[in-house]
Amino acid sequence: MKPVTLLISVLLQLVLAIDSSGQYNFDSYFAGAKKDIGDNNYTAAIEKLNICITVKPNSREVFFYRGVCKYSLYDNTGAEQDLTTALSSASVFYYDAFLYRSLVRYRLGNYRGAIDDISKVIEKQPGNAKYYVERAFAFLAANDFNAALSDCRKALALKGYSEDVYICKAAAEDALADYDNALPDYDQALKINPVNKDALVRRGMTKYKMEKYNEAIDDYNHAIYIDSACTFAYYNRAEAEIKLNNTKKALSDYDTVLFFEPRNAYAYFGRAVLFSNLQKYKAAIADFDKVLLLNPDNIQALFNRAKLKQNIKSYKAAVVDYDKVIELYPYFTEAYYNRAQCKYSLKDFAGSKKDLETGNMMSEVLHAKNSLQLSRDSMILANLNQLSTGFNAGASPANDTISIGFLPVFYLSEKDSASAVHFYYSPLLDKLNKKKKVVFCFTNAAMQPVAGSGSKQRFINDDSIAVNKNNADEILSMALVKTNMLLLNDARAYYDKIIEKDAVNAIAYFARAVNTCREIETMSDANEPYMLSSASHTIVLNKRNDKCKSALADFTKAIQLQPSFTFAYYNRANVKSLLQDFDGAMKDYDTALRLNPVFAEALYNEGFLLYYLNNKQ
């Protein structure tokens, strides 16, 4: 459950002091910005507020309102900077700035900072129950469960009887294994709001811990009935089905999660474990590959993938994974022993002996370590085992929904050998058609699936091949193979060569942009890019934005060369959404739909974007 948010409309009722000496333009633009905020048109408001700042660079109100706009557009780093500026120039206590900065810091994972901000407000207004609830959620996220409970009790003592307070209280009790008190609190939350799917899923999680698996499944089923796209429920139902040995049902639920959230590391991990148990080792390895693409330093996935490779006698590949495990965590004794076995099978007897000796030594070191050292090692290992994408049953973030995100970009296949036409694949349609290839012709005429033979993937080893206009199409097909194999740097080199020789090749620009989009996917969860710590967030966001701008330029060039290029408009709209250019994204979706009125993905993404911008009508 998200922290209780403040209504923007309340802000408009505040009487803010405007410098009487201010210029007319300032007053006009400031009033216009506040009107835009009331209309949820935050981008337009920011443009006006930027002008206000040039007129009055020390106005705390302007920075405050711009921070609110950035918060509403999920530019959390920018919002925190503006709100901090508003607070630094304040001569009196600025309640609303502290409140909003606490919400921003919560989003950025700076829970202690959020607690500090809301605590300042509570000191000034100790009788407001909702502030205690907000702080309780921050304590919950910071794993300070007793403090969260204390704040929930204070809120209830002030008669703050909301579903939020009962859910937060129950979640804290659940974390403290006080299940007997957690269940009645979830019941109370559901009495207030019977269709709160978050409360249903979390009550199911508590029942799961009490080994009441069938009752837990009943709660998950109810949540799914309320929202058929509730991936939080599907994921946890899979966990319960596993306990009941219903492997097929569990696999189906993981598949559903991944249908809606193709970057959910937890679902890939759970499915990989099930495939391993079914001795479907190659399928399990493929899923662990996905986990490690999303979380490269996850030791558990690396170690399990190494063991699977060892099982199928792919010893060299297993050794590579064990090397990485040991590099990340040198005290992993089992990794040394397993690597020793692989090296023995590879006839590296000296290396095998050395690993056995090191494993024995590490085992003795672990026995000799004191409790403080072991605790530090456990913390390091826990961080390296952590999956940073999606959610899990044991330590789910306090969210009431899980975003399903935009439908992904269309990408190019190799040129079809029979028809000599490039095709465009939609990952969503691949899933809907049960992995059957669905192809669309380059033209926008019919947009109907057509049969295509498709050429087999070829492994390209000659990176020094010369490119000219005559062989550009052949080289493009080679590059597409590399993109689809995620050999993204190699593919980019080919696209660069093609464009250097053929600067008006719209397909090459489009393909290079798609290749860049695949790079963006590997950097972070593009639909939830703000679920990072504040320090790493800035680095990842800057790198991702640079990549987005590069993709944007290539899609734009493709459109200039081919003005009816529907897929380029669609893909460019997705990239603009990541860059927070929502108006531009809407225009591109509209153009794609004007060119092809039955472009379902464009309709879906446009609807999702409107919903995201709170334009629910």
# chains A, B, ... in the order shown; residues from 1 in each chain; ligands from 1
call {"tool": "residues_around", "arguments": {"residues": "A:Tyr495", "least_positions_apart": "6", "cutoff": "9 Å", "atoms": "only C-alpha atoms", "output": "list in words"}}
result
Ile475, Leu476, Ala479, Ala508, Tyr509, Ala511 and Arg512 of chain A
call {"tool": "residues_around", "arguments": {"residues": "stretch 249-263 of chain A", "least_positions_apart": "3", "cutoff": "6 Å", "atoms": "only C-alpha atoms", "output": "CSV table (one decimal) with C-alpha atoms, in the first residue's frame"}}
result
chain,number,residue,atom,x,y,z
A,231,THR,CA,0.5,-10.1,-10.9
A,234,TYR,CA,-0.5,-14.7,-9.4
A,238,ALA,CA,2.3,-19.9,-7.6
A,241,GLU,CA,0.6,-24.1,-5.4
A,246,ASN,CA,0.6,-28.4,-8.1
A,267,ALA,CA,8.9,-15.0,-11.6
A,404,ILE,CA,2.1,-3.8,-16.0
call {"tool": "residues_around", "arguments": {"residues": "stretch 183-197 of chain A", "least_positions_apart": "3", "cutoff": "6 Å", "atoms": "only C-alpha atoms", "output": "PyMOL selection string"}}
result
chain A and resi 163+166-167+170+180+200+223
call {"tool": "write_last_selection", "arguments": {"atoms": "C-alpha atoms", "output": "PDB file, in the first residue's frame"}}
result
ATOM      1  CA  GLU A 163      -7.832   0.742   5.507  1.00  0.00           C
ATOM      2  CA  TYR A 166      -4.877  -1.507   9.302  1.00  0.00           C
ATOM      3  CA  ILE A 167      -2.887  -2.805   6.318  1.00  0.00           C
ATOM      4  CA  ALA A 170      -0.967  -5.986   9.783  1.00  0.00           C
ATOM      5  CA  ASP A 180      -2.731 -13.990  15.121  1.00  0.00           C
ATOM      6  CA  LEU A 200      -6.352  -9.746   0.094  1.00  0.00           C
ATOM      7  CA  ALA A 223      -7.774 -10.635  -5.704  1.00  0.00           C
TER       8      ALA A 223
END
call {"tool": "residues_around", "arguments": {"residues": "A:Leu73", "least_positions_apart": "6", "cutoff": "12 Å", "atoms": "only C-alpha atoms", "output": "list in words"}}
result
Ile37, Asn40, Asn41, Tyr42, Thr43, Ala44, Ala45, Ile46, Arg66, Gly67, Ala79, Val104, Tyr530, Ser577, Leu578, Leu579, Gln580, Asp581, Phe582, Leu609, Tyr612, Leu613 and Asn614 of chain A
call {"tool": "residues_around", "arguments": {"residues": "stretch 298-314 of chain A", "least_positions_apart": "4", "cutoff": "10 Å", "atoms": "only C-alpha atoms", "output": "PyMOL selection string"}}
result
chain A and resi 269+272-273+276+279-282+284-294+318-326+328-329+332+334-335+338-339+341-342+345-346+381-388
call {"tool": "closest_residue", "arguments": {"among": "A:Lys343, A:Lys547, A:Lys557, A:Lys354", "to": "A:Lys576", "atoms": "only C-alpha atoms"}}
result
A:Lys547
call {"tool": "residues_around", "arguments": {"residues": "A:Val165", "least_positions_apart": "3", "cutoff": "7 Å", "atoms": "only C-alpha atoms", "output": "compact mmCIF listing (two decimals) with N, CA, C and O atoms, in the first residue's frame"}}
result
# COMPACT_ATOMS: atom_id res chain seq x y z
N VAL A 133 0.38 7.66 9.92
CA VAL A 133 0.26 6.54 8.98
C VAL A 133 1.34 6.62 7.91
O VAL A 133 1.97 5.62 7.57
N CYS A 152 1.15 3.24 13.96
CA CYS A 152 -0.21 2.81 13.62
C CYS A 152 -1.12 2.91 14.84
O CYS A 152 -2.28 3.34 14.74
N TYR A 161 -9.21 5.75 11.55
CA TYR A 161 -9.61 4.39 11.18
C TYR A 161 -9.70 4.26 9.66
O TYR A 161 -10.77 4.39 9.07
N SER A 162 -8.59 4.00 9.00
CA SER A 162 -8.57 3.85 7.55
C SER A 162 -8.06 2.46 7.19
O SER A 162 -7.41 1.79 8.00
N CYS A 168 -1.06 -1.42 7.09
CA CYS A 168 0.31 -1.18 7.55
C CYS A 168 0.57 -1.91 8.87
O CYS A 168 1.61 -2.54 9.05
N LYS A 169 -0.39 -1.83 9.77
CA LYS A 169 -0.24 -2.49 11.08
C LYS A 169 -0.14 -4.01 10.89
O LYS A 169 0.71 -4.67 11.50
call {"tool": "closest_residue", "arguments": {"among": "A:Ala340, A:Leu610, A:Ala97, A:Leu595", "to": "A:Asp583", "atoms": "only C-alpha atoms"}}
result
A:Leu610
call {"tool": "closest_residue", "arguments": {"among": "A:Thr206, A:Asn264, A:Asn295, A:Ser88", "to": "A:Asn58", "atoms": "only C-alpha atoms"}}
result
A:Ser88
call {"tool": "atom_distance", "arguments": {"atom1": "atom CA of A:Ile242", "atom2": "atom CA of A:Met210"}}
result
15.2 Å
